[in-house]
Amino acid sequence: MDNNATTPIHPRVADAVRPFLDGLFGNPSSLHFAGRDVKEPYETAREQIAAIIGAKVNDVVITSCGSEADNHAIKGIAYGAGKGHIITSAVEHPAVLTCCRYLETRGFPVTYLPVDGHGLVDPADVKDAIRKDTILISIMYANNETGTVMPIADIARVAREREIPFHSDMVQALGKIDVDVTALGVDLASFSGHKVYAPKGVGALYIREGLALDNLIHGGHQESGRRAGTENVIGIVAFGRACELAREEMNERRETVEGLRRRLLNGILERIDQVRLNGHPLQRVPNTLNLSFEFIESESLLLALDMKGVAVSSGSACSSGSSEPSHVLTAMGIPGPLCQSALRFSLGCENSPADVDYVLDILPGLVEKLREMSPFYKKTF
Ligand SMILES: *Cc1c(COP(=O)(O)O)cnc(C)c1O
C-alpha cells in the first residue's frame, strides 16, 4: 500500500520489453539493421506516452526519471532567461523544491506559495505573486503525500494571461486522473515511468511546441537535440506500454482503487477513534489516503505494519529516513504532533479487498498498543 513511492512492473509491460532483453539490443541512432529494429518500437512508445497526456508526439522528450524532467523544465527556463523570479508552492516534490532552492543560491529569487488546509494553491495567490521579472510558475497537479489535486487549468490561465511559462509536475496524476496537457493549458509537464507500472529510470517531459527551453544534458543529437544520451530503449518501450495500459484501463483502475480506498477509510474510522483525514476530501486522486493517528509516532506504526507485511509510508519516501515532519502537512497548517502521526496508504492495481480487510483486522490492535504507551492518550470509546 505504498504505490505512490513506486509500483510493481505490470506483467504486460514485462512482456513488451522481453524481446529487448533477448537480443534486440541496437542503438536507435545506428543506420544499420540493429538500429532500425529498435527505432520503430522506441518511436511507438513516444506515441503511446503522447496519447495518454494529450500531447503532440514531437512535444514529448524522454528523460531518465521524473526528477530529471522537473530539473530540465525549471533549470531549462532559468538558464535560458539568465535571471528572473520563479513562483512555486510550498508543497512540491523535493525534485522541484530542491531545484528551486539551488537556483536561489544562483541568484534566482523564488516565491514559495502557501496552501490552504486541504493543500490547495489559490490561483489568485499565483496572480498576486507575479512580478515584472517572473520567468516561470511551477505547481504540481496531484500531491504525492496527500493526493490533493490542484486547480491546474485556472493557474494555467493566470500564467497565460501574463505570458509566463507554466510547468506542472504531473507524476502522481498520470494513470490516476485525466491528464490532458493541451486542455489544461500547461507549457511543461513532468512524468515518471515507475509510478505507472513501468520500471525505474525513465520519465518524460512535455514541452509545448514553440517554447524556448535550454538543455539540461548536452551531448549527442538524441531526442531531436533536446536531451543527449543513448536512448534507454527498454525503459522507454516499457513506459510506452504502461501508458497504453493505463489509458485502456484508467476507468476500471480508478473505480477499483477508489472502492478500496473507501473501504479502508470507512473501516478505519469505524474501528479507530481520533483519526484525522489529511488532504482534500473530494479534489484528490483516487488511490491516496493520508491519515493522522493521534498520540502515535507514525514511524512506530509504520514499523509495526512492516512486521506484519504491510508497506505504507510516513511523509514521503523521499523525505523518510529523516524524522523531520512532512513539509506538505506543515504547509497545510497541521499542528506538529499531527504531522508526526501521519501515515500514507497509497493503493494500486495489485491491492485486493482482502488486503484492505487484513489491514482493518490488524491496525486497531497496533494503534491501541502504541497509544497505551502515550502519556497523553485518553480513550473516547
Ligand atoms: C516520484 C515523484 C517524482 C520523482 O520521480 P522519479 O522518477 O522517482 O525521479 C517527482 N514528483 C512527484 C510528485 C513524485 O511523486
# chains A, B, ... in the order shown; residues from 1 in each chain; ligands from 1
call {"tool": "residues_near_ligand", "arguments": {"ligand": "ligand 1", "cutoff": "7 Å", "atoms": "only C-alpha atoms and all ligand atoms", "output": "ChimeraX atom specification"}}
result
/A:4-5,65-68,93,95,140,142-144,169-172,192-195,200-203
call {"tool": "write_last_selection", "arguments": {"atoms": "N, CA and C atoms", "output": "short mmCIF file (atom, residue, chain, number, x, y, z; two decimals), in the first residue's frame"}}
result
data_model
loop_
_atom_site.label_atom_id
_atom_site.label_comp_id
_atom_site.auth_asym_id
_atom_site.auth_seq_id
_atom_site.Cartn_x
_atom_site.Cartn_y
_atom_site.Cartn_z
N ASN A 4 2.49 5.14 -4.17
CA ASN A 4 2.96 6.47 -4.57
C ASN A 4 4.48 6.55 -4.52
N ALA A 5 5.10 5.61 -3.78
CA ALA A 5 6.57 5.57 -3.75
C ALA A 5 7.09 4.90 -5.00
N CYS A 65 14.10 10.10 -15.57
CA CYS A 65 13.20 9.97 -14.41
C CYS A 65 12.35 11.23 -14.28
N GLY A 66 11.43 11.20 -13.35
CA GLY A 66 10.60 12.37 -13.09
C GLY A 66 11.43 13.53 -12.56
N SER A 67 12.41 13.22 -11.73
CA SER A 67 13.26 14.28 -11.17
C SER A 67 14.02 15.00 -12.27
N GLU A 68 14.51 14.25 -13.26
CA GLU A 68 15.22 14.91 -14.37
C GLU A 68 14.25 15.80 -15.15
N HIS A 93 7.10 18.38 -4.70
CA HIS A 93 8.03 17.26 -4.51
C HIS A 93 9.44 17.83 -4.37
N ALA A 95 12.03 17.17 -5.88
CA ALA A 95 12.67 17.38 -7.19
C ALA A 95 12.44 18.81 -7.68
N MET A 140 2.49 21.64 -8.91
CA MET A 140 2.20 20.23 -9.21
C MET A 140 0.71 19.99 -9.43
N ALA A 142 -1.02 16.63 -8.87
CA ALA A 142 -1.50 15.86 -7.71
C ALA A 142 -0.37 15.72 -6.70
N ASN A 143 -0.68 15.98 -5.44
CA ASN A 143 0.36 15.89 -4.42
C ASN A 143 0.63 14.43 -4.04
N ASN A 144 1.91 14.09 -3.93
CA ASN A 144 2.29 12.71 -3.66
C ASN A 144 1.98 12.26 -2.23
N ASP A 169 4.38 19.46 -12.31
CA ASP A 169 4.83 18.09 -12.02
C ASP A 169 3.56 17.23 -11.97
N MET A 170 3.40 16.38 -13.00
CA MET A 170 2.18 15.57 -13.10
C MET A 170 2.45 14.09 -12.83
N VAL A 171 3.57 13.83 -12.15
CA VAL A 171 3.98 12.45 -11.91
C VAL A 171 2.88 11.64 -11.21
N GLN A 172 2.26 12.22 -10.19
CA GLN A 172 1.27 11.45 -9.41
C GLN A 172 -0.14 11.51 -10.02
N SER A 192 6.77 10.23 -14.76
CA SER A 192 7.74 9.20 -14.39
C SER A 192 7.18 7.82 -14.64
N GLY A 193 8.03 6.92 -15.16
CA GLY A 193 7.59 5.56 -15.51
C GLY A 193 7.24 4.69 -14.30
N HIS A 194 8.09 4.76 -13.27
CA HIS A 194 7.92 3.77 -12.19
C HIS A 194 6.74 4.06 -11.27
N LYS A 195 6.01 5.15 -11.51
CA LYS A 195 4.79 5.40 -10.74
C LYS A 195 3.56 4.86 -11.49
N LYS A 200 11.89 1.62 -13.02
CA LYS A 200 12.56 2.86 -12.62
C LYS A 200 13.58 3.26 -13.69
N GLY A 201 13.85 4.57 -13.76
CA GLY A 201 14.90 5.02 -14.68
C GLY A 201 14.40 5.53 -16.00
N VAL A 202 13.11 5.88 -16.07
CA VAL A 202 12.60 6.51 -17.30
C VAL A 202 11.50 7.49 -16.92
N GLY A 203 11.49 8.60 -17.61
CA GLY A 203 10.47 9.63 -17.38
C GLY A 203 10.23 10.37 -18.67
#
call {"tool": "residues_around", "arguments": {"residues": "Asp59 (chain A)", "least_positions_apart": "4", "cutoff": "8 Å", "atoms": "only C-alpha atoms", "output": "short mmCIF file (atom, residue, chain, number, x, y, z; two decimals) with N, CA, C and O atoms, in the first residue's frame"}}
result
data_model
loop_
_atom_site.label_atom_id
_atom_site.label_comp_id
_atom_site.auth_asym_id
_atom_site.auth_seq_id
_atom_site.Cartn_x
_atom_site.Cartn_y
_atom_site.Cartn_z
N ALA A 50 2.58 10.21 -25.62
CA ALA A 50 1.90 11.42 -26.09
C ALA A 50 0.38 11.25 -26.03
O ALA A 50 -0.35 12.17 -25.65
N ALA A 55 -0.74 15.11 -25.87
CA ALA A 55 0.30 15.96 -26.47
C ALA A 55 0.58 15.54 -27.91
O ALA A 55 0.23 14.44 -28.32
N TYR A 206 6.99 16.96 -21.15
CA TYR A 206 6.22 17.58 -22.22
C TYR A 206 6.71 19.01 -22.37
O TYR A 206 6.79 19.77 -21.38
N ILE A 207 7.07 19.38 -23.60
CA ILE A 207 7.50 20.76 -23.89
C ILE A 207 6.61 21.28 -25.01
O ILE A 207 6.67 20.77 -26.14
N ARG A 208 5.74 22.23 -24.68
CA ARG A 208 4.82 22.76 -25.69
C ARG A 208 5.60 23.30 -26.89
O ARG A 208 6.62 23.97 -26.73
N GLU A 209 5.09 22.97 -28.07
CA GLU A 209 5.75 23.38 -29.31
C GLU A 209 5.97 24.89 -29.31
O GLU A 209 5.07 25.66 -28.97
#
call {"tool": "closest_atom_pairs", "arguments": {"of": "region 101-217 of chain A", "to": "region 222-233 of chain A", "cutoff": "9 Å", "atoms": "only C-alpha atoms", "output": "CSV"}}
result
residue,atom,partner,partner_atom,distance
A:Gly201,CA,A:Asn232,CA,8.4
A:Val202,CA,A:Asn232,CA,7.5
A:Leu213,CA,A:Arg226,CA,8.7
A:Asp214,CA,A:Arg226,CA,8.1
A:Asn215,CA,A:Arg226,CA,5.9
A:Leu216,CA,A:Arg227,CA,7.1
A:Ile217,CA,A:Ala228,CA,5.7
call {"tool": "write_last_selection", "arguments": {"atoms": "C-alpha atoms", "output": "PDB file, in the first residue's frame"}}
result
ATOM      1  CA  GLY A 201      14.901   5.016 -14.676  1.00  0.00           C
ATOM      2  CA  VAL A 202      12.598   6.506 -17.295  1.00  0.00           C
ATOM      3  CA  LEU A 213      13.951  25.760 -23.285  1.00  0.00           C
ATOM      4  CA  ASP A 214      17.664  25.277 -22.608  1.00  0.00           C
ATOM      5  CA  ASN A 215      19.026  21.732 -22.482  1.00  0.00           C
ATOM      6  CA  LEU A 216      19.988  20.073 -19.237  1.00  0.00           C
ATOM      7  CA  ILE A 217      22.141  17.253 -20.645  1.00  0.00           C
TER       8      ILE A 217
END
call {"tool": "select_by_dssp", "arguments": {"residues": "region 278-322 of chain A", "states": "helix (DSSP H, G or I)", "output": "PyMOL selection string"}}
result
chain A and resi 298-307
call {"tool": "closest_residue", "arguments": {"among": "A:Leu211, A:Val121, A:Val149, A:Ala183", "to": "Ile164 (chain A)", "atoms": "only C-alpha atoms"}}
result
A:Leu211
call {"tool": "residues_around", "arguments": {"residues": "Ile139 (chain A)", "least_positions_apart": "4", "cutoff": "8 Å", "atoms": "only C-alpha atoms", "output": "PyMOL selection string"}}
result
chain A and resi 88-89+92+150+152+166-169
call {"tool": "write_last_selection", "arguments": {"atoms": "C-alpha atoms", "output": "mmCIF file, in the first residue's frame"}}
result
data_model
loop_
_atom_site.group_PDB
_atom_site.id
_atom_site.type_symbol
_atom_site.label_atom_id
_atom_site.label_comp_id
_atom_site.auth_asym_id
_atom_site.auth_seq_id
_atom_site.Cartn_x
_atom_site.Cartn_y
_atom_site.Cartn_z
ATOM 1 C CA THR A 88 6.277 27.583 -6.966
ATOM 2 C CA SER A 89 4.389 26.163 -3.971
ATOM 3 C CA GLU A 92 6.043 20.483 -4.198
ATOM 4 C CA MET A 150 -4.521 21.386 -7.728
ATOM 5 C CA ILE A 152 -4.102 23.497 -12.748
ATOM 6 C CA PHE A 166 3.887 27.260 -16.636
ATOM 7 C CA HIS A 167 5.355 23.919 -15.544
ATOM 8 C CA SER A 168 3.446 21.235 -13.680
ATOM 9 C CA ASP A 169 4.827 18.093 -12.015
#
call {"tool": "closest_residue", "arguments": {"among": "A:Ala124, A:Ala212, A:Pro11, A:Glu297", "to": "Gly76 (chain A)", "atoms": "only C-alpha atoms"}}
result
A:Ala212
call {"tool": "atom_distance", "arguments": {"atom1": "CA of Asp2 (chain A)", "atom2": "CA of Leu303 (chain A)"}}
result
13.5 Å
call {"tool": "closest_residue", "arguments": {"among": "A:Gly107, A:Phe376, A:Met1, A:Thr148", "to": "Asn351 (chain A)", "atoms": "only C-alpha atoms"}}
result
A:Met1
call {"tool": "closest_residue", "arguments": {"among": "A:Ala129, A:Ile155, A:Leu113, A:Val367", "to": "Ala304 (chain A)", "atoms": "only C-alpha atoms"}}
result
A:Val367
call {"tool": "closest_residue", "arguments": {"among": "A:Glu258, A:Asp178, A:Asp125, A:Asp187", "to": "Ser346 (chain A)", "atoms": "only C-alpha atoms"}}
result
A:Glu258
call {"tool": "residues_around", "arguments": {"residues": "Asp361 (chain A)", "least_positions_apart": "6", "cutoff": "12 Å", "atoms": "only C-alpha atoms", "output": "list in words"}}
result
Leu264, Gly267, Ile268, Glu270, Arg271, Ile272, Leu305, Lys308, Ala354, Asp355 and Val367 of chain A
call {"tool": "write_last_selection", "arguments": {"atoms": "C-alpha atoms", "output": "PDB file, in the first residue's frame"}}
result
ATOM      1  CA  LEU A 264     -10.099   1.270   4.002  1.00  0.00           C
ATOM      2  CA  GLY A 267     -13.202   0.660   8.073  1.00  0.00           C
ATOM      3  CA  ILE A 268     -10.535   2.643   9.905  1.00  0.00           C
ATOM      4  CA  GLU A 270     -15.392   2.685  12.306  1.00  0.00           C
ATOM      5  CA  ARG A 271     -12.741   0.836  14.253  1.00  0.00           C
ATOM      6  CA  ILE A 272     -10.336   3.520  15.470  1.00  0.00           C
ATOM      7  CA  LEU A 305       2.755  -2.698   9.999  1.00  0.00           C
ATOM      8  CA  LYS A 308       3.006  -7.750   9.608  1.00  0.00           C
ATOM      9  CA  ALA A 354      -8.664  -8.980   1.156  1.00  0.00           C
ATOM     10  CA  ASP A 355      -5.569  -6.776   1.577  1.00  0.00           C
ATOM     11  CA  VAL A 367      -2.812   1.534  17.246  1.00  0.00           C
TER      12      VAL A 367
END
call {"tool": "select_by_dssp", "arguments": {"residues": "region 55-270 of chain A", "states": "strand (DSSP E or B)", "output": "PyMOL selection string"}}
result
chain A and resi 60-63+85-89+110-113+134-138+142+148-149+166-169+188-192+203-207
call {"tool": "decode", "arguments": {"residues": "region 35-49 of chain A", "atoms": "all heavy atoms", "output": "CSV table (one decimal), in the first residue's frame"}}
result
chain,number,residue,atom,x,y,z
A,35,GLY,N,20.0,-1.1,-35.4
A,35,GLY,CA,19.4,0.2,-35.0
A,35,GLY,C,18.0,0.4,-35.5
A,35,GLY,O,17.1,0.8,-34.7
A,36,ARG,N,17.8,0.0,-36.7
A,36,ARG,CA,16.4,0.1,-37.3
A,36,ARG,C,15.4,-0.7,-36.5
A,36,ARG,O,14.3,-0.3,-36.3
A,36,ARG,CB,16.4,-0.2,-38.8
A,36,ARG,CG,17.0,0.8,-39.7
A,36,ARG,CD,16.6,0.5,-41.1
A,36,ARG,NE,16.9,-0.8,-41.6
A,36,ARG,CZ,18.1,-1.2,-42.1
A,36,ARG,NH1,19.1,-0.4,-42.2
A,36,ARG,NH2,18.2,-2.5,-42.5
A,37,ASP,N,15.9,-1.9,-36.0
A,37,ASP,CA,15.0,-2.8,-35.3
A,37,ASP,C,14.5,-2.2,-34.0
A,37,ASP,O,13.4,-2.6,-33.5
A,37,ASP,CB,15.7,-4.1,-35.0
A,37,ASP,CG,15.9,-5.0,-36.2
A,37,ASP,OD1,15.3,-4.7,-37.2
A,37,ASP,OD2,16.6,-6.0,-36.1
A,38,VAL,N,15.2,-1.3,-33.4
A,38,VAL,CA,14.7,-0.7,-32.1
A,38,VAL,C,14.1,0.6,-32.3
A,38,VAL,O,13.4,1.1,-31.5
A,38,VAL,CB,15.8,-0.7,-31.0
A,38,VAL,CG1,16.3,-2.1,-30.7
A,38,VAL,CG2,17.0,0.2,-31.5
A,39,LYS,N,14.5,1.3,-33.5
A,39,LYS,CA,14.0,2.7,-33.7
A,39,LYS,C,12.5,2.7,-33.7
A,39,LYS,O,11.9,3.6,-33.1
A,39,LYS,CB,14.6,3.1,-35.0
A,39,LYS,CG,14.2,4.6,-35.4
A,39,LYS,CD,15.1,5.6,-34.7
A,39,LYS,CE,14.7,7.0,-35.0
A,39,LYS,NZ,15.3,8.0,-34.1
A,40,GLU,N,11.8,1.8,-34.4
A,40,GLU,CA,10.4,1.8,-34.5
A,40,GLU,C,9.7,1.6,-33.2
A,40,GLU,O,8.8,2.4,-32.8
A,40,GLU,CB,9.9,0.9,-35.6
A,40,GLU,CG,8.5,1.2,-36.0
A,40,GLU,CD,8.0,0.1,-37.0
A,40,GLU,OE1,8.6,-0.1,-38.0
A,40,GLU,OE2,7.0,-0.6,-36.6
A,41,PRO,N,10.0,0.6,-32.4
A,41,PRO,CA,9.3,0.4,-31.1
A,41,PRO,C,9.5,1.6,-30.2
A,41,PRO,O,8.7,2.0,-29.4
A,41,PRO,CB,10.0,-0.9,-30.5
A,41,PRO,CG,10.9,-1.4,-31.5
A,41,PRO,CD,10.8,-0.6,-32.8
A,42,TYR,N,10.7,2.2,-30.3
A,42,TYR,CA,11.0,3.3,-29.5
A,42,TYR,C,10.1,4.5,-29.8
A,42,TYR,O,9.6,5.2,-29.0
A,42,TYR,CB,12.5,3.6,-29.7
A,42,TYR,CG,13.0,4.9,-29.2
A,42,TYR,CD1,13.0,5.3,-27.9
A,42,TYR,CD2,13.7,5.8,-30.1
A,42,TYR,CE1,13.5,6.5,-27.5
A,42,TYR,CE2,14.2,7.0,-29.7
A,42,TYR,CZ,14.1,7.3,-28.4
A,42,TYR,OH,14.6,8.5,-27.9
A,43,GLU,N,9.9,4.8,-31.1
A,43,GLU,CA,9.0,5.9,-31.5
A,43,GLU,C,7.6,5.5,-31.2
A,43,GLU,O,6.8,6.4,-30.9
A,43,GLU,CB,9.3,6.2,-33.0
A,43,GLU,CG,10.6,6.9,-33.3
A,43,GLU,CD,10.8,8.2,-32.4
A,43,GLU,OE1,9.8,8.9,-32.0
A,43,GLU,OE2,12.0,8.5,-32.0
A,44,THR,N,7.2,4.3,-31.3
A,44,THR,CA,5.8,3.9,-30.9
A,44,THR,C,5.6,4.2,-29.5
A,44,THR,O,4.5,4.7,-29.1
A,44,THR,CB,5.6,2.3,-31.1
A,44,THR,OG1,5.9,2.1,-32.5
A,44,THR,CG2,4.2,1.9,-30.8
A,45,ALA,N,6.6,4.0,-28.6
A,45,ALA,CA,6.5,4.2,-27.2
A,45,ALA,C,6.2,5.7,-27.0
A,45,ALA,O,5.4,6.1,-26.2
A,45,ALA,CB,7.7,3.8,-26.4
A,46,ARG,N,6.9,6.6,-27.8
A,46,ARG,CA,6.7,8.0,-27.6
A,46,ARG,C,5.3,8.4,-28.0
A,46,ARG,O,4.6,9.2,-27.3
A,46,ARG,CB,7.7,8.8,-28.5
A,46,ARG,CG,7.7,10.3,-28.2
A,46,ARG,CD,8.4,11.1,-29.3
A,46,ARG,NE,9.7,10.6,-29.7
A,46,ARG,CZ,10.8,10.8,-28.9
A,46,ARG,NH1,10.7,11.6,-27.9
A,46,ARG,NH2,12.0,10.3,-29.3
A,47,GLU,N,4.7,7.7,-29.0
A,47,GLU,CA,3.3,8.0,-29.4
A,47,GLU,C,2.4,7.6,-28.3
A,47,GLU,O,1.4,8.2,-28.0
A,47,GLU,CB,3.0,7.2,-30.7
A,47,GLU,CG,3.6,7.8,-31.9
A,47,GLU,CD,3.6,6.8,-33.1
A,47,GLU,OE1,2.8,5.8,-33.1
A,47,GLU,OE2,4.3,7.0,-34.1
A,48,GLN,N,2.7,6.4,-27.6
A,48,GLN,CA,1.8,6.0,-26.5
A,48,GLN,C,1.8,6.9,-25.3
A,48,GLN,O,0.8,7.2,-24.7
A,48,GLN,CB,2.3,4.6,-26.1
A,48,GLN,CG,2.0,3.5,-27.1
A,48,GLN,CD,2.8,2.2,-26.8
A,48,GLN,OE1,3.9,2.2,-26.3
A,48,GLN,NE2,2.2,1.1,-27.2
A,49,ILE,N,3.0,7.5,-25.1
A,49,ILE,CA,3.1,8.5,-24.0
A,49,ILE,C,2.4,9.8,-24.4
A,49,ILE,O,1.6,10.3,-23.6
A,49,ILE,CB,4.6,8.8,-23.7
A,49,ILE,CG1,5.3,7.5,-23.2
A,49,ILE,CG2,4.7,9.9,-22.6
A,49,ILE,CD1,6.9,7.6,-23.2
